[in-house]
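K.L.:
Take this structure, written in C-alpha cells, and hold onto it; I'll ask about it next.
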Amino acid sequence: MDLGFSQIYVDNLTVTDSHQLLCNLKSMKNIVIGSNKQKTSLMLCGAIDRVHYIMTSEGVSPDILVECAVLLGSFAKGTEDNKRELLDKRILAVMLQGLAHPDIRFVEACLRFLRTILTSPVAPVEDVVFEDSSVIPHLIHLLPKTLCTQECVSYILAQCCKTNKQQDMLYQQGAVDVLAPLLCSEVNKIRLPALQCLAALSYKNHCVSREISSAKYNREDMSTLLSRLLARDLPINIQLTAAKCLCYLCRAGAISPRCPLIVQRVLPSLARMCKKDRSVEERVEAAETLAFLIEEDVSLQVSASITDHLIPTLALYLKYTPSSTGKKEQGCHIQGELRQAAFKVFASLGANEEEIRKKIIETENLMDIIEKCIEEENFKVQLAAARCLHSLSRSVQQLRTSFQDHIVWKPLVELLQHKSAEELMIVASSTLCNLLLEFSPSKDKIVQAGAIDILCKLTTNPSASLRLNGIWGLMNMAFQADEKIKTSILEKMGTDQLFRLLTDTNVDILMKTLGLLRNLLSTRGHIDNIMLSHSAQIMTAVIMILEGNYPPQVKEQTLCILANIADGITAKAVIMSNEDILKKLTCYMRHDNVRLQIASVYCINNLVWNQEDGASERQAKLKEYGVLKQLQSLISTTDTDLFDKVKTAMQQFSS
C-alpha cells in the first residue's frame, strides 16, 4: 500500500458517525494484520495520533474503544521502530488508564497491548509499571478476572520483575496468592506465564522464596503444586519452567538441596531436557538452569555427574557446527548458545570434585575449544569458557597435565592486558591466580609474559574483586620464588601501593597482602635483603595492624610476618631495636586468642634460637621485657600447639 492509500484510511477515521467510524477502524485493523510494511505506512500518515485522539475524546462508545485498543495492539506487534513510536506518542499512558474501564473487553484489549509492549526490549518497564504506585496493585487485582487477564497480567508481571525491590513489592501486593491457583489451571497458556512469574519472584530472593515455599492453595504447599507440573505428559515448557521455579527456591534456601524433590525429580528432569531430542532453546535453558542449581552444592554436583550420561550429553553441545547451507548467522548463534550452556554446566560440575574434573577434561578437544572460545567476540561464550577453565584450574592434577599441553594462559593474559569487561576480567584473573601456583608448569611462562605488571596494575583497580585477584596472584607468584621475582614485585608495585593495600577496608585484600608480604619475607637471604631496603615501611605497617581494630586472623598473619623477619640473620636486629614491637610481642603472648599466642611465641623462638650469633644478647634483652616469665606462665596451657612452641622457646633460654 502506498502512502496515498494509507492517508485515505487515516482520513476515514475523522468521520463523526459512530457506526461508520467503527467500520473504518475494523477495515484498518484488517489491512495491518500480519503486515509490518502496512503498519509503518499508516503510522507515517498519522494513524497513531488519530487513534489516540479518538480514545481520549468524550463519550466514546466501548465498542470503538475496544477496536482502537485492538488496532494499537496490532501496531505494537510490528517492528521495534513501530514500538518506539507508540512509546513516544505516550500510548502506554492511555492503555494503563484503560485498565480502570468498566468494560472488561476494553480492559483485556489494553492488557494484550501492554503485554506486547512490555515484553519488548525497547520498553522502559520500571518507569511505566513501578513509577505509579497504583499500577501494580491494580494489575494484581485484575489478574484472576478472566482467562485473558490471567495470561496477560502474569506475562507482564514476569517481565517487569527484575530486582529484589520489585520482587518484594509484588509479593507484598499479594502476587503469590493470586498466582498459586493458576498452577492448577487446565489451560497451559495460563500455567506457563504463572510459572514464569513465580520464577521471576523467587530468583535470588531469600525472603520471597521462603514465603512462596510456605504458601498454600487448597491445603497443598507450593512445592507440591510445582512438582505436579514436572509430569512428563505435560508440555516441555511447563516442565522446564516448573523445574526452574524449584531450582530458584532451592538456591534461595527455601528448599533443601537434599530434598528428594530436588535430587530425584528436578535434577534428573533438567538432565533429561539436555538430550538431543529436545529443541536447541530447551536444551540451552535446561543446561543453564541445571548449572545454576548445582553451582554451590557438592552433593548435587556429584549426583548430576552420574545422572543420565550428562557429561557426554553436554559434550555434544560442543560438537555442533553451523550448516554450510542455510543462514550462517543463525547457525553461529545456535553454536554460541550451546557452547556457553555446556561451559556453564561444566564449570558448576567441576567446582569441587577432582573425579568430576577428570571426567570433564576427557571430553574430546575440550581445552582446544575453550582456548578458542575465550578469544571469541561473543561475550556470553567468552565468559562461560573462562568460568569453565577457572573451575578446571582448581585441579592440581590437571594443572600438571592438561594445562601443560595447552597454552590456555595466553588468551587470559590478553584479556587482562586489553581491559575487558569487569566480570570477564574477574574470572580471567582468578584463573591466572591458580596457574601461578608454585607447582603449575605454566608459572614461569606467565611471569615472562608480563604477569607482574598486569597483576600490580590490577591492585589499583576500583573493583575490590580485581584488587583481590591482583594481590592474590602476586602472593601465589612470590611463594618459594627466586629473589629476582620478589624484587621485581616490590619494585613494580612500590611500597606506597603495598601500604595502601594494607589499609584497604576489604579484609580479604588485607589478608592476601599480608600473605604476599609473608611469601616475600621467606628464605633468609631474601628476608635480609628486603628488610635492608624496606624495613621502615614494613615495620610501620606491622605496628599499624597490631595496634588497630582488626580481626584475629589478620593479626595472626601479621605476627607470622614478624616471625619470618625474626628468622633472618641481620633482619632480627630490626625487631630487637624496636621497643614498640617487643612490647607488642609480649602483649600478644598474654592474649586470650590462642592462635595469636602461638604466633607471637613462634616469633620469640626465632629471636632466641641459641645456635645463632647474638642469641645470648637477644635472650637477655627479652628477659628484661618479661618474655621468659610469660613463657613460664604459658607452660600450663592445655593447647598442644602452644605448649610445644613454649617448651621449645624455654629450652633455648635454659641452654
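In the C-alpha cells, each chain is lettered A, B, ... as it comes, each chain's residues begin at 1, and ligands are numbered from 1 in order of appearance.
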Could you give me the residues within range 55-155 of chain A that DSSP places in alpha helix (DSSP H), as a count of residues only?
P.N.:
66
K.L.:
List the spatial neighbours of range 205-208 of chain A as a VMD selection string - criterion: any atom at most 8 Å away, only C-alpha atoms, same-chain residues fewer than 4 positions off excluded.
P.N.:
chain A and resid 164 167 to 168 171 201 212 252 to 254
K.L.:
Just checking: using only C-alpha atoms, which residue out of A:Glu186, A:Glu67, A:Glu547, A:Asp49 ends up closest to Glu108 in chain A?
P.N.:
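Among the listed residues, A:Glu67 lies closest to Glu108 in chain A.
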K.L.:
Tell me which protein, DNA and RNA residues are within 10 Å of range 627-630 of chain A, counting only C-alpha atoms, leaving out same-chain ones fewer than 3 positions away, and put them as an MDAnalysis selection string.
P.N.:
chainID A and resid 582:583 585:587 589:590 601 604 619:624 633:635 646 649:650 653
K.L.:
Okay, now the selection with N, CA and C atoms, as a CSV table (one decimal), in the first residue's frame?
P.N.:
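Resulting contents of again-v7.csv:
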chain,number,residue,atom,x,y,z
A,582,LEU,N,58.6,-5.1,70.5
A,582,LEU,CA,58.9,-6.0,71.5
A,582,LEU,C,57.8,-6.0,72.6
A,583,LYS,N,57.3,-4.8,72.9
A,583,LYS,CA,56.2,-4.7,73.8
A,583,LYS,C,54.9,-5.4,73.3
A,585,LEU,N,54.8,-7.9,71.2
A,585,LEU,CA,55.0,-9.4,71.2
A,585,LEU,C,54.7,-9.9,72.6
A,586,THR,N,55.1,-9.3,73.6
A,586,THR,CA,54.8,-9.8,75.0
A,586,THR,C,53.3,-9.6,75.3
A,587,CYS,N,52.8,-8.5,74.7
A,587,CYS,CA,51.3,-8.3,74.9
A,587,CYS,C,50.5,-9.4,74.3
A,589,MET,N,51.5,-12.4,73.7
A,589,MET,CA,51.7,-13.7,74.4
A,589,MET,C,50.6,-13.9,75.5
A,590,ARG,N,50.1,-12.8,75.9
A,590,ARG,CA,49.0,-12.8,77.0
A,590,ARG,C,47.6,-12.7,76.5
A,601,VAL,N,54.7,-16.5,70.2
A,601,VAL,CA,55.7,-17.4,70.7
A,601,VAL,C,56.6,-17.9,69.6
A,604,ILE,N,59.1,-15.3,69.0
A,604,ILE,CA,60.1,-15.3,70.1
A,604,ILE,C,61.1,-16.4,69.9
A,619,GLN,N,68.4,-12.9,74.1
A,619,GLN,CA,67.7,-13.5,75.2
A,619,GLN,C,67.7,-12.6,76.5
A,620,ALA,N,68.8,-12.0,76.7
A,620,ALA,CA,68.9,-11.1,77.9
A,620,ALA,C,68.0,-9.9,77.8
A,621,LYS,N,67.9,-9.3,76.6
A,621,LYS,CA,67.0,-8.2,76.4
A,621,LYS,C,65.6,-8.6,76.5
A,622,LEU,N,65.2,-9.7,76.0
A,622,LEU,CA,63.8,-10.2,76.0
A,622,LEU,C,63.4,-10.5,77.4
A,623,LYS,N,64.4,-11.0,78.3
A,623,LYS,CA,64.1,-11.3,79.7
A,623,LYS,C,63.7,-10.0,80.4
A,624,GLU,N,64.4,-8.9,80.0
A,624,GLU,CA,64.0,-7.6,80.6
A,624,GLU,C,62.6,-7.1,80.3
A,633,SER,N,54.6,-18.8,82.4
A,633,SER,CA,53.1,-18.8,82.8
A,633,SER,C,52.3,-19.6,81.8
A,634,LEU,N,52.8,-19.7,80.6
A,634,LEU,CA,52.1,-20.4,79.5
A,634,LEU,C,52.4,-21.9,79.4
A,635,ILE,N,53.3,-22.4,80.2
A,635,ILE,CA,53.7,-23.8,80.1
A,635,ILE,C,52.6,-24.7,80.6
A,646,VAL,N,56.0,-23.1,73.3
A,646,VAL,CA,56.5,-22.6,74.6
A,646,VAL,C,57.7,-23.4,75.1
A,649,ALA,N,60.8,-22.7,73.2
A,649,ALA,CA,61.4,-21.4,73.5
A,649,ALA,C,62.1,-21.4,74.8
A,650,MET,N,61.5,-22.1,75.8
A,650,MET,CA,62.1,-22.1,77.1
A,650,MET,C,63.4,-22.9,77.1
A,653,PHE,N,66.2,-20.6,76.2
A,653,PHE,CA,66.6,-19.8,77.3
A,653,PHE,C,67.5,-20.6,78.3
K.L.:
With distances taken over only C-alpha atoms, which residue among A:Ile31, A:Leu349, A:Cys148, A:Val10 lies nearest Ala47 in chain A?
P.N.:
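Smallest separation from Ala47 in chain A among the options: A:Val10.
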K.L.:
Please list as a VMD selection string every residue within 9 Å of range 442-455 of chain A, counting only C-alpha atoms and excluding residues in the same chain fewer than 6 positions away.
P.N.:
chain A and resid 399 to 400 403 to 404 407 409 to 410 413 416 to 417 429 432 435 to 436 467 469 to 474 477 485 488 to 489 492 to 493
K.L.:
Would you save the residues from that selection as a compact mmCIF listing (two decimals), in the first residue's frame, using C-alpha atoms?
P.N.:
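Here's the written file again17.txt:
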# COMPACT_ATOMS: atom_id res chain seq x y z
CA LEU A 399 47.46 -28.10 36.12
CA ARG A 400 50.33 -30.56 35.83
CA PHE A 403 47.11 -27.37 31.27
CA GLN A 404 50.75 -28.05 30.44
CA ILE A 407 48.69 -22.55 26.18
CA TRP A 409 47.07 -18.81 29.80
CA LYS A 410 47.79 -16.68 26.72
CA VAL A 413 46.75 -12.60 29.75
CA LEU A 416 43.66 -8.64 31.21
CA GLN A 417 46.04 -6.55 29.11
CA SER A 429 42.40 -13.13 36.83
CA LEU A 432 45.52 -16.83 36.37
CA LEU A 435 48.01 -21.01 37.07
CA LEU A 436 50.61 -19.11 39.12
CA ARG A 467 42.27 -5.78 43.51
CA ASN A 469 42.79 -11.18 42.44
CA GLY A 470 45.76 -8.95 41.63
CA ILE A 471 47.27 -9.31 45.10
CA TRP A 472 46.30 -13.00 45.27
CA GLY A 473 48.16 -13.72 42.02
CA LEU A 474 51.24 -11.88 43.29
CA MET A 477 53.81 -15.96 42.40
CA ILE A 485 60.87 -12.23 41.10
CA SER A 488 60.56 -7.23 40.75
CA ILE A 489 57.20 -7.46 42.56
CA LYS A 492 56.82 -2.63 40.23
CA MET A 493 54.20 -2.38 42.95
K.L.:
For Asp639 in chain A, work out the shell of residues within 12 Å, counting only C-alpha atoms and skipping chain neighbours fewer than 2 positions away, then give it as a compact mmCIF listing (two decimals) with C-alpha atoms, in the first residue's frame.
P.N.:
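As written to disk, selection_7.txt reads:
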# COMPACT_ATOMS: atom_id res chain seq x y z
CA ASN A 593 43.17 -15.84 71.45
CA VAL A 594 45.39 -18.92 71.42
CA ARG A 595 46.26 -18.54 67.70
CA GLN A 597 49.67 -16.56 71.39
CA ILE A 598 51.13 -19.32 69.19
CA LEU A 634 52.10 -20.43 79.49
CA ILE A 635 53.69 -23.83 80.12
CA SER A 636 50.49 -24.98 81.84
CA THR A 637 48.41 -24.41 78.69
CA ASP A 641 50.47 -26.48 69.67
CA LEU A 642 51.06 -23.61 72.08
CA PHE A 643 52.65 -25.97 74.63
CA ASP A 644 55.15 -27.27 72.04
CA LYS A 645 56.14 -23.74 70.99
CA VAL A 646 56.50 -22.57 74.60
K.L.:
Taking the chain letters and numbering used in this document, name the residues of range 173-257 of chain A that DSSP puts in strand (DSSP E), as a list in words.
P.N.:
Lys216, Tyr217, Glu220 and Asp221 of chain A
K.L.:
Could those residues be written to a file, using all heavy atoms, as a compact mmCIF listing (two decimals), in the first residue's frame?
P.N.:
# COMPACT_ATOMS: atom_id res chain seq x y z
N LYS A 216 0.19 -21.80 50.49
CA LYS A 216 -0.68 -22.97 50.25
C LYS A 216 -1.87 -22.59 49.38
O LYS A 216 -2.33 -21.46 49.40
CB LYS A 216 -1.17 -23.54 51.58
CG LYS A 216 -0.09 -24.19 52.42
CD LYS A 216 -0.67 -24.84 53.66
CE LYS A 216 0.41 -25.45 54.54
NZ LYS A 216 1.10 -26.56 53.88
N TYR A 217 -2.34 -23.57 48.62
CA TYR A 217 -3.58 -23.42 47.86
C TYR A 217 -4.30 -24.77 47.93
O TYR A 217 -3.69 -25.81 47.64
CB TYR A 217 -3.30 -23.03 46.40
CG TYR A 217 -4.56 -22.96 45.57
CD1 TYR A 217 -5.51 -21.97 45.80
CD2 TYR A 217 -4.81 -23.90 44.58
CE1 TYR A 217 -6.69 -21.91 45.06
CE2 TYR A 217 -5.98 -23.85 43.82
CZ TYR A 217 -6.91 -22.86 44.07
OH TYR A 217 -8.07 -22.80 43.34
N GLU A 220 -2.52 -27.43 49.91
CA GLU A 220 -1.28 -28.00 49.40
C GLU A 220 -0.24 -26.91 49.28
O GLU A 220 -0.54 -25.79 48.86
CB GLU A 220 -1.50 -28.65 48.03
CG GLU A 220 -2.39 -29.89 48.09
CD GLU A 220 -2.50 -30.56 46.73
OE1 GLU A 220 -2.85 -29.85 45.76
OE2 GLU A 220 -2.24 -31.76 46.63
N ASP A 221 1.00 -27.24 49.67
CA ASP A 221 2.04 -26.20 49.60
C ASP A 221 2.54 -26.07 48.16
O ASP A 221 2.28 -26.90 47.30
CB ASP A 221 3.19 -26.47 50.57
CG ASP A 221 3.86 -27.81 50.32
OD1 ASP A 221 3.97 -28.22 49.16
OD2 ASP A 221 4.28 -28.44 51.31
K.L.:
Mind checking which residues fall within 8 Å of Ile509 in chain A, counting only C-alpha atoms, ignoring those fewer than 2 positions away in the same chain, and posting them as a list in words?
P.N.:
Ala464, Arg467, Leu468, Ile471, Leu501, Leu502, Asp504, Asn506, Val507, Met511, Lys512 and Thr513 of chain A
